[in-house]
$ cat protein28.cif   # mmCIF, C-alpha atoms and all ligand atoms
data_structure
#
loop_
_atom_site.group_PDB
_atom_site.id
_atom_site.type_symbol
_atom_site.label_atom_id
_atom_site.label_comp_id
_atom_site.auth_asym_id
_atom_site.auth_seq_id
_atom_site.Cartn_x
_atom_site.Cartn_y
_atom_site.Cartn_z
ATOM 1 C CA MET A 130 0.000 0.000 0.000
ATOM 2 C CA THR A 131 1.341 3.457 -0.862
ATOM 3 C CA PRO A 132 1.297 5.706 2.191
ATOM 4 C CA ASP A 133 -0.366 9.123 1.917
ATOM 5 C CA TYR A 134 2.721 11.058 2.959
ATOM 6 C CA ASP A 135 6.088 11.782 1.363
ATOM 7 C CA ILE A 136 8.846 9.442 2.421
ATOM 8 C CA ALA A 137 12.145 10.805 3.745
ATOM 9 C CA LEU A 138 13.811 7.493 4.578
ATOM 10 C CA LYS A 139 12.884 4.074 3.310
ATOM 11 C CA VAL A 140 14.243 0.898 4.888
ATOM 12 C CA ASN A 141 14.012 -2.392 2.991
ATOM 13 C CA GLN A 142 14.752 -5.739 4.634
ATOM 14 C CA LEU A 143 17.445 -4.302 6.849
ATOM 15 C CA SER A 144 19.409 -6.653 9.085
ATOM 16 C CA LEU A 145 22.477 -5.891 11.159
ATOM 17 C CA TRP A 146 24.902 -8.078 13.095
ATOM 18 C CA TYR A 147 27.489 -7.197 15.714
ATOM 19 C CA GLY A 148 29.810 -10.163 15.208
ATOM 20 C CA GLU A 149 27.602 -13.241 15.640
ATOM 21 C CA ARG A 150 24.819 -11.343 17.370
ATOM 22 C CA GLN A 151 21.932 -10.148 15.229
ATOM 23 C CA ALA A 152 20.706 -6.754 16.443
ATOM 24 C CA LEU A 153 18.283 -5.892 13.612
ATOM 25 C CA ASN A 154 16.136 -8.489 11.911
ATOM 26 C CA ASN A 155 14.652 -7.805 8.498
ATOM 27 C CA ILE A 156 13.280 -4.296 9.131
ATOM 28 C CA ASP A 157 10.938 -2.657 6.619
ATOM 29 C CA LEU A 158 10.009 0.913 7.426
ATOM 30 C CA GLN A 159 9.097 4.165 5.712
ATOM 31 C CA LEU A 160 9.662 7.375 7.601
ATOM 32 C CA PRO A 161 7.399 10.299 6.696
ATOM 33 C CA LYS A 162 8.951 13.580 5.637
ATOM 34 C CA ASN A 163 8.464 16.624 7.891
ATOM 35 C CA HIS A 164 7.095 14.541 10.699
ATOM 36 C CA ILE A 165 8.507 13.151 13.926
ATOM 37 C CA THR A 166 8.821 9.392 14.162
ATOM 38 C CA ALA A 167 9.593 7.896 17.573
ATOM 39 C CA LEU A 168 11.418 4.587 17.911
ATOM 40 C CA ILE A 169 10.330 2.903 21.133
ATOM 41 C CA GLY A 170 10.864 -0.497 22.715
ATOM 42 C CA PRO A 171 12.593 -2.194 25.632
ATOM 43 C CA SER A 172 16.278 -1.769 26.326
ATOM 44 C CA GLY A 173 18.455 -3.603 23.816
ATOM 45 C CA CYS A 174 15.703 -3.973 21.184
ATOM 46 C CA GLY A 175 17.797 -2.149 18.568
ATOM 47 C CA LYS A 176 16.443 1.421 18.570
ATOM 48 C CA SER A 177 19.829 3.154 18.630
ATOM 49 C CA THR A 178 21.281 0.629 16.208
ATOM 50 C CA LEU A 179 18.523 1.389 13.698
ATOM 51 C CA LEU A 180 18.963 5.136 14.211
ATOM 52 C CA ARG A 181 22.713 4.823 13.610
ATOM 53 C CA CYS A 182 22.066 3.031 10.321
ATOM 54 C CA PHE A 183 20.541 6.229 8.928
ATOM 55 C CA ASN A 184 23.887 8.044 8.959
ATOM 56 C CA ARG A 185 26.051 4.900 8.812
ATOM 57 C CA MET A 186 27.454 5.445 12.307
ATOM 58 C CA ASN A 187 27.576 1.682 12.849
ATOM 59 C CA ASP A 188 30.307 1.491 10.216
ATOM 60 C CA VAL A 189 32.891 2.451 12.820
ATOM 61 C CA ILE A 190 31.976 -0.542 15.033
ATOM 62 C CA ASP A 191 34.368 -3.435 14.443
ATOM 63 C CA GLY A 192 32.575 -6.584 13.327
ATOM 64 C CA SER A 193 29.290 -4.906 12.411
ATOM 65 C CA ARG A 194 27.703 -6.052 9.172
ATOM 66 C CA MET A 195 24.534 -4.915 7.419
ATOM 67 C CA GLU A 196 22.241 -6.331 4.773
ATOM 68 C CA GLY A 197 19.320 -4.665 3.039
ATOM 69 C CA GLU A 198 18.677 -1.202 1.679
ATOM 70 C CA ILE A 199 18.135 2.276 3.042
ATOM 71 C CA TRP A 200 16.989 5.043 0.744
ATOM 72 C CA LEU A 201 17.327 8.722 1.570
ATOM 73 C CA GLY A 202 14.905 10.174 -0.938
ATOM 74 C CA GLN A 203 16.059 8.747 -4.260
ATOM 75 C CA HIS A 204 19.531 7.943 -2.976
ATOM 76 C CA ALA A 205 20.621 4.500 -1.725
ATOM 77 C CA ILE A 206 22.956 5.096 1.226
ATOM 78 C CA MET A 207 24.233 1.595 1.970
ATOM 79 C CA GLN A 208 26.748 1.199 -0.848
ATOM 80 C CA PRO A 209 30.352 0.792 0.271
ATOM 81 C CA GLU A 210 31.367 3.749 -1.926
ATOM 82 C CA GLN A 211 28.894 6.091 -0.180
ATOM 83 C CA ASP A 212 30.659 9.328 0.834
ATOM 84 C CA LEU A 213 29.969 9.307 4.592
ATOM 85 C CA ALA A 214 30.725 12.998 5.113
ATOM 86 C CA ALA A 215 28.207 13.868 2.383
ATOM 87 C CA LEU A 216 25.637 11.558 3.965
ATOM 88 C CA ARG A 217 26.126 13.140 7.378
ATOM 89 C CA ARG A 218 25.582 16.594 5.907
ATOM 90 C CA ARG A 219 22.138 15.368 4.881
ATOM 91 C CA VAL A 220 21.466 13.393 8.065
ATOM 92 C CA GLY A 221 22.437 15.192 11.276
ATOM 93 C CA MET A 222 22.564 13.625 14.724
ATOM 94 C CA VAL A 223 22.072 14.722 18.319
ATOM 95 C CA PHE A 224 23.111 12.462 21.193
ATOM 96 C CA GLN A 225 21.965 11.786 24.727
ATOM 97 C CA ARG A 226 24.562 14.061 26.320
ATOM 98 C CA PRO A 227 25.164 17.448 24.748
ATOM 99 C CA ASN A 228 28.604 17.481 23.145
ATOM 100 C CA PRO A 229 29.506 21.081 22.278
ATOM 101 C CA PHE A 230 33.092 21.687 21.219
ATOM 102 C CA PRO A 231 35.254 23.665 23.663
ATOM 103 C CA LYS A 232 34.903 26.722 21.452
ATOM 104 C CA SER A 233 32.714 29.789 21.418
ATOM 105 C CA ILE A 234 28.944 29.524 20.933
ATOM 106 C CA TYR A 235 29.407 31.157 17.517
ATOM 107 C CA GLU A 236 32.142 28.776 16.396
ATOM 108 C CA ASN A 237 30.079 25.769 17.477
ATOM 109 C CA VAL A 238 27.146 26.839 15.332
ATOM 110 C CA VAL A 239 29.153 27.703 12.212
ATOM 111 C CA TYR A 240 31.470 24.685 12.555
ATOM 112 C CA GLY A 241 29.864 22.652 9.782
ATOM 113 C CA LEU A 242 29.722 25.636 7.427
ATOM 114 C CA ARG A 243 33.407 26.326 7.971
ATOM 115 C CA LEU A 244 34.137 22.663 7.189
ATOM 116 C CA GLN A 245 32.258 23.167 3.936
ATOM 117 C CA GLY A 246 34.614 26.070 3.158
ATOM 118 C CA VAL A 247 32.239 28.968 3.844
ATOM 119 C CA ARG A 248 34.414 31.996 4.684
ATOM 120 C CA ASP A 249 32.091 34.960 4.114
ATOM 121 C CA ARG A 250 31.490 36.511 7.535
ATOM 122 C CA ARG A 251 28.070 37.829 6.581
ATOM 123 C CA ILE A 252 26.878 34.378 5.481
ATOM 124 C CA LEU A 253 28.277 32.812 8.661
ATOM 125 C CA ASN A 254 26.646 35.462 10.856
ATOM 126 C CA GLU A 255 23.271 35.011 9.189
ATOM 127 C CA ALA A 256 23.457 31.228 9.399
ATOM 128 C CA CYS A 257 24.446 31.432 13.065
ATOM 129 C CA GLU A 258 21.495 33.652 13.935
ATOM 130 C CA ARG A 259 19.073 31.579 11.860
ATOM 131 C CA ALA A 260 20.158 28.306 13.486
ATOM 132 C CA LEU A 261 20.125 29.724 17.014
ATOM 133 C CA ARG A 262 16.666 31.182 16.453
ATOM 134 C CA ALA A 263 15.415 27.875 15.072
ATOM 135 C CA ALA A 264 16.877 26.103 18.105
ATOM 136 C CA ALA A 265 15.072 28.534 20.453
ATOM 137 C CA LEU A 266 18.368 29.762 21.897
ATOM 138 C CA TRP A 267 18.990 33.103 20.173
ATOM 139 C CA SER A 268 17.367 35.372 22.752
ATOM 140 C CA GLU A 269 19.400 33.747 25.538
ATOM 141 C CA VAL A 270 22.825 33.907 23.897
ATOM 142 C CA LYS A 271 22.751 36.694 21.307
ATOM 143 C CA ASP A 272 24.878 38.996 23.474
ATOM 144 C CA GLN A 273 27.453 36.356 24.356
ATOM 145 C CA LEU A 274 28.240 34.588 21.100
ATOM 146 C CA GLY A 275 31.971 34.747 21.857
ATOM 147 C CA GLN A 276 31.567 32.950 25.172
ATOM 148 C CA ASN A 277 32.763 29.365 25.577
ATOM 149 C CA ALA A 278 29.891 26.966 24.872
ATOM 150 C CA LEU A 279 30.818 24.844 27.876
ATOM 151 C CA THR A 280 29.647 27.657 30.183
ATOM 152 C CA LEU A 281 26.028 27.149 29.069
ATOM 153 C CA SER A 282 23.604 25.046 31.105
ATOM 154 C CA THR A 283 23.087 21.440 29.995
ATOM 155 C CA GLY A 284 19.704 22.275 28.457
ATOM 156 C CA GLN A 285 21.179 25.249 26.594
ATOM 157 C CA GLN A 286 24.078 23.071 25.429
ATOM 158 C CA GLN A 287 21.630 20.566 23.977
ATOM 159 C CA ARG A 288 19.852 23.358 22.080
ATOM 160 C CA LEU A 289 23.250 24.618 20.911
ATOM 161 C CA VAL A 290 24.113 21.168 19.598
ATOM 162 C CA ILE A 291 20.775 21.134 17.768
ATOM 163 C CA ALA A 292 21.620 24.576 16.313
ATOM 164 C CA ARG A 293 24.992 23.213 15.178
ATOM 165 C CA ALA A 294 23.299 20.245 13.527
ATOM 166 C CA ILE A 295 20.678 22.309 11.693
ATOM 167 C CA ALA A 296 23.013 25.148 10.634
ATOM 168 C CA ILE A 297 24.095 23.067 7.638
ATOM 169 C CA GLU A 298 20.435 22.390 6.792
ATOM 170 C CA PRO A 299 20.264 18.600 6.824
ATOM 171 C CA GLU A 300 17.142 16.854 5.594
ATOM 172 C CA VAL A 301 16.894 14.475 8.536
ATOM 173 C CA LEU A 302 17.731 15.000 12.190
ATOM 174 C CA LEU A 303 18.385 11.910 14.312
ATOM 175 C CA LEU A 304 17.812 12.364 18.036
ATOM 176 C CA ASP A 305 19.098 9.614 20.333
ATOM 177 C CA GLU A 306 17.383 10.142 23.703
ATOM 178 C CA PRO A 307 18.056 13.883 23.464
ATOM 179 C CA THR A 308 16.421 14.773 26.775
ATOM 180 C CA SER A 309 17.519 11.930 29.026
ATOM 181 C CA ALA A 310 20.264 14.067 30.614
ATOM 182 C CA LEU A 311 17.978 17.082 31.085
ATOM 183 C CA ASP A 312 15.717 18.393 33.838
ATOM 184 C CA PRO A 313 11.927 18.471 33.232
ATOM 185 C CA ILE A 314 11.821 22.149 32.170
ATOM 186 C CA SER A 315 14.684 21.790 29.687
ATOM 187 C CA THR A 316 13.026 18.606 28.442
ATOM 188 C CA LEU A 317 9.814 20.496 27.701
ATOM 189 C CA VAL A 318 11.758 23.204 25.867
ATOM 190 C CA ILE A 319 13.407 20.587 23.635
ATOM 191 C CA GLU A 320 10.072 18.823 23.059
ATOM 192 C CA GLU A 321 8.483 22.095 21.907
ATOM 193 C CA LEU A 322 11.517 22.722 19.759
ATOM 194 C CA MET A 323 11.129 19.348 18.051
ATOM 195 C CA THR A 324 7.583 20.163 17.041
ATOM 196 C CA THR A 325 8.683 23.426 15.400
ATOM 197 C CA LEU A 326 11.706 21.837 13.707
ATOM 198 C CA LYS A 327 9.578 19.345 11.818
ATOM 199 C CA GLN A 328 8.387 22.150 9.527
ATOM 200 C CA HIS A 329 11.860 22.079 7.976
ATOM 201 C CA PHE A 330 13.306 18.690 8.834
ATOM 202 C CA THR A 331 12.319 15.070 9.234
ATOM 203 C CA LEU A 332 12.958 13.976 12.809
ATOM 204 C CA VAL A 333 13.644 10.478 14.119
ATOM 205 C CA LEU A 334 13.564 10.241 17.905
ATOM 206 C CA VAL A 335 14.777 7.360 20.054
ATOM 207 C CA THR A 336 13.183 7.597 23.468
ATOM 208 C CA HIS A 337 12.689 5.430 26.538
ATOM 209 C CA ASN A 338 9.994 7.771 27.642
ATOM 210 C CA MET A 339 6.622 6.682 26.302
ATOM 211 C CA GLN A 340 4.924 9.881 27.456
ATOM 212 C CA GLN A 341 7.455 11.787 25.401
ATOM 213 C CA ALA A 342 6.782 9.644 22.339
ATOM 214 C CA ALA A 343 3.048 10.193 22.832
ATOM 215 C CA ARG A 344 3.490 13.946 23.334
ATOM 216 C CA VAL A 345 5.761 14.834 20.448
ATOM 217 C CA SER A 346 5.773 12.191 17.751
ATOM 218 C CA ASP A 347 3.402 11.862 14.809
ATOM 219 C CA TYR A 348 4.351 8.259 14.081
ATOM 220 C CA THR A 349 5.729 5.563 16.322
ATOM 221 C CA ALA A 350 7.686 2.421 15.547
ATOM 222 C CA PHE A 351 7.641 -0.225 18.272
ATOM 223 C CA MET A 352 10.650 -2.553 18.226
ATOM 224 C CA HIS A 353 11.311 -5.769 20.105
ATOM 225 C CA ASN A 354 14.266 -8.163 19.860
ATOM 226 C CA GLY A 355 15.634 -6.449 16.766
ATOM 227 C CA GLN A 356 12.307 -6.649 14.948
ATOM 228 C CA LEU A 357 9.935 -3.899 13.966
ATOM 229 C CA VAL A 358 6.717 -5.097 15.555
ATOM 230 C CA GLU A 359 4.440 -2.243 14.582
ATOM 231 C CA PHE A 360 4.555 1.153 12.902
ATOM 232 C CA ASP A 361 1.604 3.500 12.852
ATOM 233 C CA GLU A 362 0.318 6.937 13.747
ATOM 234 C CA THR A 363 1.300 7.606 17.346
ATOM 235 C CA ASP A 364 -2.309 8.002 18.483
ATOM 236 C CA ARG A 365 -3.175 4.585 17.107
ATOM 237 C CA ILE A 366 -0.115 2.910 18.639
ATOM 238 C CA PHE A 367 -1.079 4.253 22.049
ATOM 239 C CA THR A 368 -4.838 3.774 21.847
ATOM 240 C CA SER A 369 -5.408 0.748 19.639
ATOM 241 C CA PRO A 370 -2.189 -1.143 18.919
ATOM 242 C CA GLN A 371 -2.572 -4.083 16.556
ATOM 243 C CA ALA A 372 0.089 -6.375 18.023
ATOM 244 C CA ARG A 373 -0.108 -8.009 21.411
ATOM 245 C CA ARG A 374 3.568 -7.227 22.084
ATOM 246 C CA THR A 375 2.963 -3.504 21.469
ATOM 247 C CA GLU A 376 0.007 -3.488 23.814
ATOM 248 C CA ASP A 377 1.953 -5.321 26.517
ATOM 249 C CA TYR A 378 4.785 -2.816 26.227
ATOM 250 C CA ILE A 379 2.735 0.369 26.264
ATOM 251 C CA THR A 380 0.635 -0.850 29.160
ATOM 252 C CA GLY A 381 3.806 -1.559 31.126
ATOM 253 C CA ARG A 382 3.564 -5.347 31.162
ATOM 254 C CA PHE A 383 7.207 -5.639 30.125
ATOM 255 C CA GLY A 384 10.250 -3.535 29.300
HETATM 256 N N1 LIG B 1 28.877 -1.605 19.646
HETATM 257 C C1 LIG B 1 28.222 -2.747 19.880
HETATM 258 N N2 LIG B 1 28.862 -3.924 19.845
HETATM 259 C C2 LIG B 1 28.216 -5.084 20.096
HETATM 260 N N3 LIG B 1 26.900 -5.168 20.390
HETATM 261 C C3 LIG B 1 26.209 -4.026 20.445
HETATM 262 C C4 LIG B 1 26.815 -2.752 20.192
HETATM 263 N N4 LIG B 1 25.862 -1.805 20.314
HETATM 264 C C5 LIG B 1 24.714 -2.441 20.619
HETATM 265 N N5 LIG B 1 24.922 -3.770 20.698
HETATM 266 C C6 LIG B 1 23.896 -4.781 20.997
HETATM 267 O O1 LIG B 1 22.882 -4.684 20.020
HETATM 268 C C7 LIG B 1 21.599 -4.828 20.638
HETATM 269 C C8 LIG B 1 20.784 -3.575 20.336
HETATM 270 O O2 LIG B 1 21.383 -2.480 21.020
HETATM 271 P P1 LIG B 1 20.835 -0.992 20.897
HETATM 272 O O3 LIG B 1 21.754 -0.116 21.685
HETATM 273 O O4 LIG B 1 20.605 -0.683 19.480
HETATM 274 O O5 LIG B 1 19.434 -1.126 21.616
HETATM 275 P P2 LIG B 1 18.498 0.006 22.216
HETATM 276 O O6 LIG B 1 17.115 -0.443 21.964
HETATM 277 O O7 LIG B 1 18.892 1.335 21.685
HETATM 278 O O8 LIG B 1 18.846 -0.109 23.752
HETATM 279 P P3 LIG B 1 18.770 0.998 24.912
HETATM 280 O O9 LIG B 1 17.342 1.407 24.991
HETATM 281 O O10 LIG B 1 19.222 0.255 26.139
HETATM 282 O O11 LIG B 1 19.696 2.125 24.528
HETATM 283 C C9 LIG B 1 21.850 -5.048 22.119
HETATM 284 O O12 LIG B 1 21.831 -6.430 22.363
HETATM 285 C C10 LIG B 1 23.236 -4.501 22.334
HETATM 286 O O13 LIG B 1 23.879 -5.171 23.378
#

$ encode --input "protein28.cif" --output "structure tokens"
Amino acid sequence: MTPDYDIALKVNQLSLWYGERQALNNIDLQLPKNHITALIGPSGCGKSTLLRCFNRMNDVIDGSRMEGEIWLGQHAIMQPEQDLAALRRRVGMVFQRPNPFPKSIYENVVYGLRLQGVRDRRILNEACERALRAAALWSEVKDQLGQNALTLSTGQQQRLVIARAIAIEPEVLLLDEPTSALDPISTLVIEELMTTLKQHFTLVLVTHNMQQAARVSDYTAFMHNGQLVEFDETDRIFTSPQARRTEDYITGRFG
């Protein structure tokens, strides 16, 4: 069946092994453009592994091996000759713990543009402001752009890292438990931010927090033992899941 939304990422029969251990088992999935998809499931089910496939981060893990296809738009990203730097310009990533560079706020945000060879100060300044505004951080830091990023609070650092990721205008933003190191207020700020960012980007969110998945995501994929058990609109996953395993998980019977 053809879905009634545009597809940003398409996964066909994807399997992944770490050595002998199979971590992903024959995943088929289509992630809608300009929406937030949450990946949920019990610890060790393969959420982060699947997320890391989308920018080929698993490549650096010794002994990992993948089969299947992933399409970013019209572009197959699994070929050995894939330029990984080019892929990661199109697919940005934010981790559990904010990881700003020990540089100024400004230099953190324009880092990716500088790597691309952008030298024009006016272009860098505009991109910096645009990204910080989009990351809901501009009003807090606009008078201290030269300050070391490590002096910001953890919640501000996470928004800075998001600004750094979106400054180079990727198509997809991968978020691996982006609020698990944050207090409840900073968590809410990031959740609101995610819902505004989807106007411009496709977001994929790994979260342990089912309330968070229910609050912010449009679609939810429930994984178990390396399999994709169910993918649907978030409301349907949480109100009328089709699979018994999904129901057991969301009602707290396991995981
Ligand atoms: N670098 C690695 N080397 C070997 N095995 C790994 C590696 N990373 C993950 N695994 C294994 O792959 C399986 C899936 O792990 P993954 O981290 O993707 O799950 P997860 O659902 O994100 O878990 P969690 O919610 O605890 O973060 C687990 O059995 C894990 O032990």

$ atom_distance --input "protein28.cif" --atom1 "atom CA of A:Leu179" --atom2 "atom O5 of ligand LIG 1 (chain B)"
8.4 Å

$ residues_near_ligand --input "protein28.cif" --ligand "ligand LIG 1 (chain B)" --cutoff "9 Å" --atoms "only C-alpha atoms and all ligand atoms" --output "MDAnalysis selection string"
chainID A and resid 145:148 150:153 168:181 187 189:193 305:306 335:337 352:355

$ closest_residue --input "protein28.cif" --among "A:Arg219, A:Arg243, A:Arg288, A:Lys232" --to "A:Leu274" --atoms "only C-alpha atoms"
A:Lys232

$ atom_distance --input "protein28.cif" --atom1 "atom CA of A:Asp347" --atom2 "atom CA of A:Leu332"
10.0 Å

$ residues_near_point --input "protein28.cif" --point "(8.2, 19.8, 27.0)" --cutoff "12 Å" --atoms "all atoms listed in the file" --output "list in words"
Gly284, Thr308, Leu311, Asp312, Pro313, Ile314, Ser315, Thr316, Leu317, Val318, Ile319, Glu320, Glu321, Leu322, Met323, Thr324, Gln340, Gln341, Ala342, Ala343, Arg344 and Val345 of chain A

$ resolve_selection --input "protein28.cif" --expression "the PyMOL selection byres (((chain A and resi 236-239) around 7) and not hetatm)" --output "list in words"
Pro229, Phe230, Lys232, Ser233, Ile234, Tyr235, Tyr240, Gly241, Leu242, Arg243, Leu253, Cys257, Ala292, Arg293 and Ala296 of chain A

$ closest_residue --input "protein28.cif" --among "A:Leu138, A:Ala278, A:Ile165, A:Leu143" --to "A:Thr363" --atoms "all atoms listed in the file"
A:Ile165

$ resolve_selection --input "protein28.cif" --expression "the PyMOL selection byres (((chain A and resi 270) around 10) and not hetatm)" --output "PyMOL selection string"
chain A and resi 234-235+261+266-269+271-276+278+281+285+289

$ atom_distance --input "protein28.cif" --atom1 "atom CA of A:Ile252" --atom2 "atom CA of A:Asp212"
25.8 Å

$ axis_aligned_box --input "protein28.cif" --around "stretch 144-147 of chain A" --padding-each-side "3 Å" --output "lines of an AutoDock Vina configuration file"
center_x = 23.4
center_y = -7.0
center_z = 12.4
size_x = 14.1
size_y = 8.2
size_z = 12.6

$ closest_residue --input "protein28.cif" --among "A:Thr325, A:Asn154, A:Gln225, A:Asn141" --to "A:Ile206" --atoms "all atoms listed in the file"
A:Asn141
